[in-house]
Amino acid sequence: MMTQLLSLGLRKIKQPRVISEILGGILLGPTAFGRIPGFTDHIFPAASIPYLTLVANIGLCLFLFIVGLEIDASIIRRNARLSVVVSLAGILLPFGIGAAISNPLYKQFIDPSVHYPYFMLFVGVTYSITAFPVLCRILTELQLLDTTVGLIVLSAGVANDVVAWTLLALSVSLVNATSGLTALWTFLVCVAYALILLFPVKRVMLWLARKTGSTVNGPTMFYMTVVMIILWASSFFTDIVGVNAIFGAFLVGVIIPREGGLAIALTEKLEDMVAIIFLPLYFTLSGLKTDLGLLNDGPAWGFMFVLATLDFTGKFTSCTLSSRCLGFSWRESSTVGGLMSCKGYANALIRSA
């Protein structure tokens, strides 16, 4: 209900629904409504949070599966070079800025017992990452998934996050004094797994769709069951590998056949439930972990504004200039830069890792 009320006002200034979901989550958390005595204990009791988180993650995987259903893999392949360039540009400069700002941040807020190189690596990764769920939500809301800019941003966002989560695996392995080869293993496993899904498994899914008549009369119950099993198995696999469950779900959406409007039919069966129930719950839980009241003095607010400004500027500048060098107009390039600057709950996950 909070999301619906906020979206009524934000829609008038052309803001996508995801903005109201994020703001609604923050307002329901300790920043606003959570300060009302007994509100959090009665509405979001501590015992319910693990179950709500599980439901929210299921919904997020379903949403990324739907995004994958709406993507034409052949168009992504044709724009692979452009996406890789934008992705690398969106990692290198922000990582450098994050590493630079980590020094004064470390001196001001971090306990000296924490090793600075590890902290610097974590800050760099936080600056490098693009919030893939938020990015997908915006592209879907603005109907940009079938445009060249939208597809390049989506492809670059996938590559960006895979590299960022690999760097996170490296960071965690260094902090835990384990082998740095963990990060390389994570990256190679992800690449190999994606190739397996995009080629042999994709052909099997097409064969099964034709065999069950799903390409003619819409998805059968048996075909839907197989798709759901593969979806959750893929999400589980990418999660235990160390990337994120949402990437496994996204890849399964990409390999579903487009023949006979099968992908469209699957999307229509799932999208309303996901958009109305699951996604608002995901962002609400994110907001419950955000307390802006902790910014209670001048240095904290100053660092917050500096960090936010540098974060956006680095990502926006690097992705905009790289897109411009690839031949896009300034308007398209700035759109790529703005979209790649999306931040969200993934950054909180990195900071808590």
# chains A, B, ... in the order shown; residues from 1 in each chain; ligands from 1
>>> residues_around(residues="Leu88 of chain A", least_positions_apart="4", cutoff="10 Å", atoms="only C-alpha atoms", output="list in words")
Ser83, Val84, Leu92, Leu93, Ser128, Ala156, Ala159, Asn160, Val163, Ser318, Cys319 and Ser322 of chain A
>>> select_by_dssp(residues="segment 24-150 of chain A", states="alpha helix (DSSP H)", output="ChimeraX atom specification")
/A:24-28,39-43,49-69,73-78,80-109,116-128,132-141,148-150
>>> closest_residue(among="A:Leu142, A:Leu231, A:Leu295, A:Ile129", to="Arg11 of chain A", atoms="only C-alpha atoms")
A:Leu142
>>> residues_around(residues="Asp72 of chain A", least_positions_apart="6", cutoff="9 Å", atoms="only C-alpha atoms", output="list in words")
Asp146, Leu151, Val254 and Arg258 of chain A
>>> write_last_selection(atoms="N, CA and C atoms", output="PDB file, in the first residue's frame")
ATOM      1  N   ASP A 146      13.800  -3.437 -25.392  1.00  0.00           N
ATOM      2  CA  ASP A 146      13.867  -3.766 -26.815  1.00  0.00           C
ATOM      3  C   ASP A 146      14.602  -2.688 -27.613  1.00  0.00           C
ATOM      4  N   LEU A 151      19.548  -2.794 -24.263  1.00  0.00           N
ATOM      5  CA  LEU A 151      20.195  -4.096 -24.327  1.00  0.00           C
ATOM      6  C   LEU A 151      21.680  -4.009 -23.994  1.00  0.00           C
ATOM      7  N   VAL A 254      16.717 -16.391 -20.473  1.00  0.00           N
ATOM      8  CA  VAL A 254      17.289 -16.152 -21.800  1.00  0.00           C
ATOM      9  C   VAL A 254      17.166 -17.381 -22.694  1.00  0.00           C
ATOM     10  N   ARG A 258      11.633 -18.684 -28.021  1.00  0.00           N
ATOM     11  CA  ARG A 258      10.716 -17.598 -28.400  1.00  0.00           C
ATOM     12  C   ARG A 258       9.681 -18.063 -29.419  1.00  0.00           C
TER      13      ARG A 258
END
>>> residues_around(residues="Leu307 of chain A", least_positions_apart="6", cutoff="12 Å", atoms="only C-alpha atoms", output="ChimeraX atom specification")
/A:94,97-102,104-105,123-124,126-127,299-301,313-314
>>> write_last_selection(atoms="N, CA and C atoms", output="short mmCIF file (atom, residue, chain, number, x, y, z; two decimals), in the first residue's frame")
data_model
loop_
_atom_site.label_atom_id
_atom_site.label_comp_id
_atom_site.auth_asym_id
_atom_site.auth_seq_id
_atom_site.Cartn_x
_atom_site.Cartn_y
_atom_site.Cartn_z
N PRO A 94 35.46 3.74 -11.55
CA PRO A 94 34.85 3.74 -10.22
C PRO A 94 35.68 3.00 -9.18
N ILE A 97 38.40 5.35 -8.09
CA ILE A 97 37.86 6.41 -7.22
C ILE A 97 37.56 5.85 -5.83
N GLY A 98 36.96 4.65 -5.80
CA GLY A 98 36.66 4.03 -4.51
C GLY A 98 37.92 3.75 -3.71
N ALA A 99 38.97 3.28 -4.39
CA ALA A 99 40.24 3.02 -3.70
C ALA A 99 40.83 4.31 -3.14
N ALA A 100 40.70 5.41 -3.89
CA ALA A 100 41.25 6.69 -3.44
C ALA A 100 40.49 7.25 -2.23
N ILE A 101 39.16 7.19 -2.27
CA ILE A 101 38.36 7.76 -1.18
C ILE A 101 38.40 6.87 0.06
N SER A 102 38.84 5.63 -0.10
CA SER A 102 38.87 4.72 1.05
C SER A 102 39.88 5.17 2.11
N PRO A 104 40.78 8.42 3.34
CA PRO A 104 40.19 9.28 4.39
C PRO A 104 39.02 8.62 5.10
N LEU A 105 38.29 7.77 4.41
CA LEU A 105 37.18 7.06 5.05
C LEU A 105 37.68 6.12 6.14
N VAL A 123 35.80 -1.23 -0.65
CA VAL A 123 35.24 0.04 -1.10
C VAL A 123 35.28 0.13 -2.62
N GLY A 124 36.39 -0.31 -3.22
CA GLY A 124 36.51 -0.30 -4.68
C GLY A 124 35.45 -1.14 -5.35
N THR A 126 32.53 -1.93 -4.05
CA THR A 126 31.24 -1.27 -3.83
C THR A 126 31.00 -0.18 -4.87
N TYR A 127 32.04 0.55 -5.20
CA TYR A 127 31.92 1.60 -6.22
C TYR A 127 31.75 1.01 -7.62
N PRO A 299 30.51 15.43 10.07
CA PRO A 299 31.40 14.60 9.25
C PRO A 299 30.69 13.46 8.53
N ALA A 300 29.73 12.83 9.22
CA ALA A 300 29.00 11.71 8.60
C ALA A 300 28.21 12.19 7.38
N TRP A 301 27.50 13.31 7.52
CA TRP A 301 26.75 13.85 6.39
C TRP A 301 27.69 14.31 5.28
N THR A 313 29.40 10.21 -10.14
CA THR A 313 30.22 10.88 -11.14
C THR A 313 31.17 9.92 -11.84
N GLY A 314 31.81 9.04 -11.05
CA GLY A 314 32.75 8.10 -11.65
C GLY A 314 32.09 7.14 -12.62
#
>>> residues_around(residues="Leu198 of chain A", least_positions_apart="4", cutoff="8 Å", atoms="only C-alpha atoms", output="PyMOL selection string")
chain A and resi 194+202+251+254-255
>>> closest_residue(among="A:Leu52, A:Leu6, A:Ala263, A:Cys190", to="Leu69 of chain A", atoms="only C-alpha atoms")
A:Ala263
>>> residues_around(residues="Tyr116 of chain A", least_positions_apart="3", cutoff="9 Å", atoms="only C-alpha atoms", output="list in words")
Ser102, Asn103, Tyr106, Pro112, Ser113, Phe119, Met120 and Leu121 of chain A
>>> write_last_selection(atoms="all heavy atoms", output="JSON list (two decimals), in the first residue's frame")
[["chain", "number", "residue", "atom", "x", "y", "z"],
["A", 102, "SER", "N", 38.84, 5.63, -0.10],
["A", 102, "SER", "CA", 38.87, 4.72, 1.05],
["A", 102, "SER", "C", 39.88, 5.17, 2.11],
["A", 102, "SER", "O", 39.72, 4.85, 3.29],
["A", 102, "SER", "CB", 39.20, 3.30, 0.59],
["A", 102, "SER", "OG", 40.52, 3.23, 0.07],
["A", 103, "ASN", "N", 40.91, 5.91, 1.70],
["A", 103, "ASN", "CA", 41.93, 6.33, 2.66],
["A", 103, "ASN", "C", 41.38, 7.27, 3.72],
["A", 103, "ASN", "O", 41.47, 6.99, 4.93],
["A", 103, "ASN", "CB", 43.11, 6.97, 1.92],
["A", 103, "ASN", "CG", 44.30, 7.21, 2.83],
["A", 103, "ASN", "OD1", 44.29, 8.15, 3.62],
["A", 103, "ASN", "ND2", 45.31, 6.37, 2.72],
["A", 106, "TYR", "N", 38.78, 5.46, 5.84],
["A", 106, "TYR", "CA", 39.40, 4.53, 6.80],
["A", 106, "TYR", "C", 39.87, 5.27, 8.04],
["A", 106, "TYR", "O", 39.64, 4.83, 9.18],
["A", 106, "TYR", "CB", 40.55, 3.82, 6.11],
["A", 106, "TYR", "CG", 41.31, 2.85, 6.99],
["A", 106, "TYR", "CD1", 40.84, 1.55, 7.19],
["A", 106, "TYR", "CD2", 42.49, 3.23, 7.61],
["A", 106, "TYR", "CE1", 41.54, 0.66, 8.00],
["A", 106, "TYR", "CE2", 43.20, 2.35, 8.41],
["A", 106, "TYR", "CZ", 42.72, 1.06, 8.60],
["A", 106, "TYR", "OH", 43.41, 0.18, 9.40],
["A", 112, "PRO", "N", 41.44, 0.68, 13.51],
["A", 112, "PRO", "CA", 42.78, 0.37, 12.97],
["A", 112, "PRO", "C", 43.08, -1.13, 12.89],
["A", 112, "PRO", "O", 44.00, -1.53, 12.16],
["A", 112, "PRO", "CB", 43.72, 1.07, 13.96],
["A", 112, "PRO", "CG", 42.90, 2.14, 14.59],
["A", 112, "PRO", "CD", 41.51, 1.59, 14.65],
["A", 113, "SER", "N", 42.34, -1.94, 13.64],
["A", 113, "SER", "CA", 42.60, -3.39, 13.57],
["A", 113, "SER", "C", 42.22, -3.97, 12.21],
["A", 113, "SER", "O", 42.66, -5.08, 11.86],
["A", 113, "SER", "CB", 41.81, -4.10, 14.68],
["A", 113, "SER", "OG", 40.41, -3.92, 14.51],
["A", 119, "PHE", "N", 40.12, -3.26, 3.28],
["A", 119, "PHE", "CA", 39.06, -2.25, 3.28],
["A", 119, "PHE", "C", 39.02, -1.51, 1.95],
["A", 119, "PHE", "O", 37.94, -1.25, 1.40],
["A", 119, "PHE", "CB", 39.29, -1.27, 4.43],
["A", 119, "PHE", "CG", 38.30, -0.14, 4.47],
["A", 119, "PHE", "CD1", 36.99, -0.35, 4.87],
["A", 119, "PHE", "CD2", 38.67, 1.14, 4.08],
["A", 119, "PHE", "CE1", 36.08, 0.69, 4.90],
["A", 119, "PHE", "CE2", 37.77, 2.18, 4.10],
["A", 119, "PHE", "CZ", 36.46, 1.96, 4.51],
["A", 120, "MET", "N", 40.19, -1.16, 1.42],
["A", 120, "MET", "CA", 40.26, -0.47, 0.14],
["A", 120, "MET", "C", 39.64, -1.32, -0.97],
["A", 120, "MET", "O", 38.91, -0.81, -1.83],
["A", 120, "MET", "CB", 41.71, -0.16, -0.21],
["A", 120, "MET", "CG", 41.90, 0.56, -1.54],
["A", 120, "MET", "SD", 43.65, 0.77, -1.98],
["A", 120, "MET", "CE", 44.12, -0.95, -2.29],
["A", 121, "LEU", "N", 39.91, -2.61, -0.95],
["A", 121, "LEU", "CA", 39.35, -3.51, -1.96],
["A", 121, "LEU", "C", 37.83, -3.57, -1.86],
["A", 121, "LEU", "O", 37.12, -3.53, -2.88],
["A", 121, "LEU", "CB", 39.96, -4.91, -1.79],
["A", 121, "LEU", "CG", 39.71, -5.92, -2.91],
["A", 121, "LEU", "CD1", 40.16, -5.38, -4.25],
["A", 121, "LEU", "CD2", 40.43, -7.23, -2.61]]
>>> closest_residue(among="A:Ile230, A:Leu270, A:Leu145, A:Val216", to="Glu70 of chain A", atoms="only C-alpha atoms")
A:Leu145
>>> residues_around(residues="Leu208 of chain A", least_positions_apart="2", cutoff="12 Å", atoms="only C-alpha atoms", output="JSON, numbers by chain")
{"A": [201, 202, 203, 204, 205, 206, 210, 211, 212, 213, 214, 215, 219, 220, 222, 223, 224, 225, 226, 227, 256, 257]}
>>> closest_residue(among="A:Ala245, A:Ala80, A:Ile91, A:Leu167", to="Ser155 of chain A", atoms="only C-alpha atoms")
A:Ala80
>>> closest_residue(among="A:Asp311, A:Glu259, A:Glu268, A:Glu21", to="Phe283 of chain A", atoms="only C-alpha atoms")
A:Glu21
>>> closest_residue(among="A:Pro30, A:Gly90, A:Pro45, A:Gly218", to="Thr320 of chain A", atoms="only C-alpha atoms")
A:Gly90
>>> atom_distance(atom1="atom CA of Leu188 of chain A", atom2="atom CA of Val162 of chain A")
10.7 Å
>>> atom_distance(atom1="atom CA of Val125 of chain A", atom2="atom CA of Lys315 of chain A")
12.3 Å
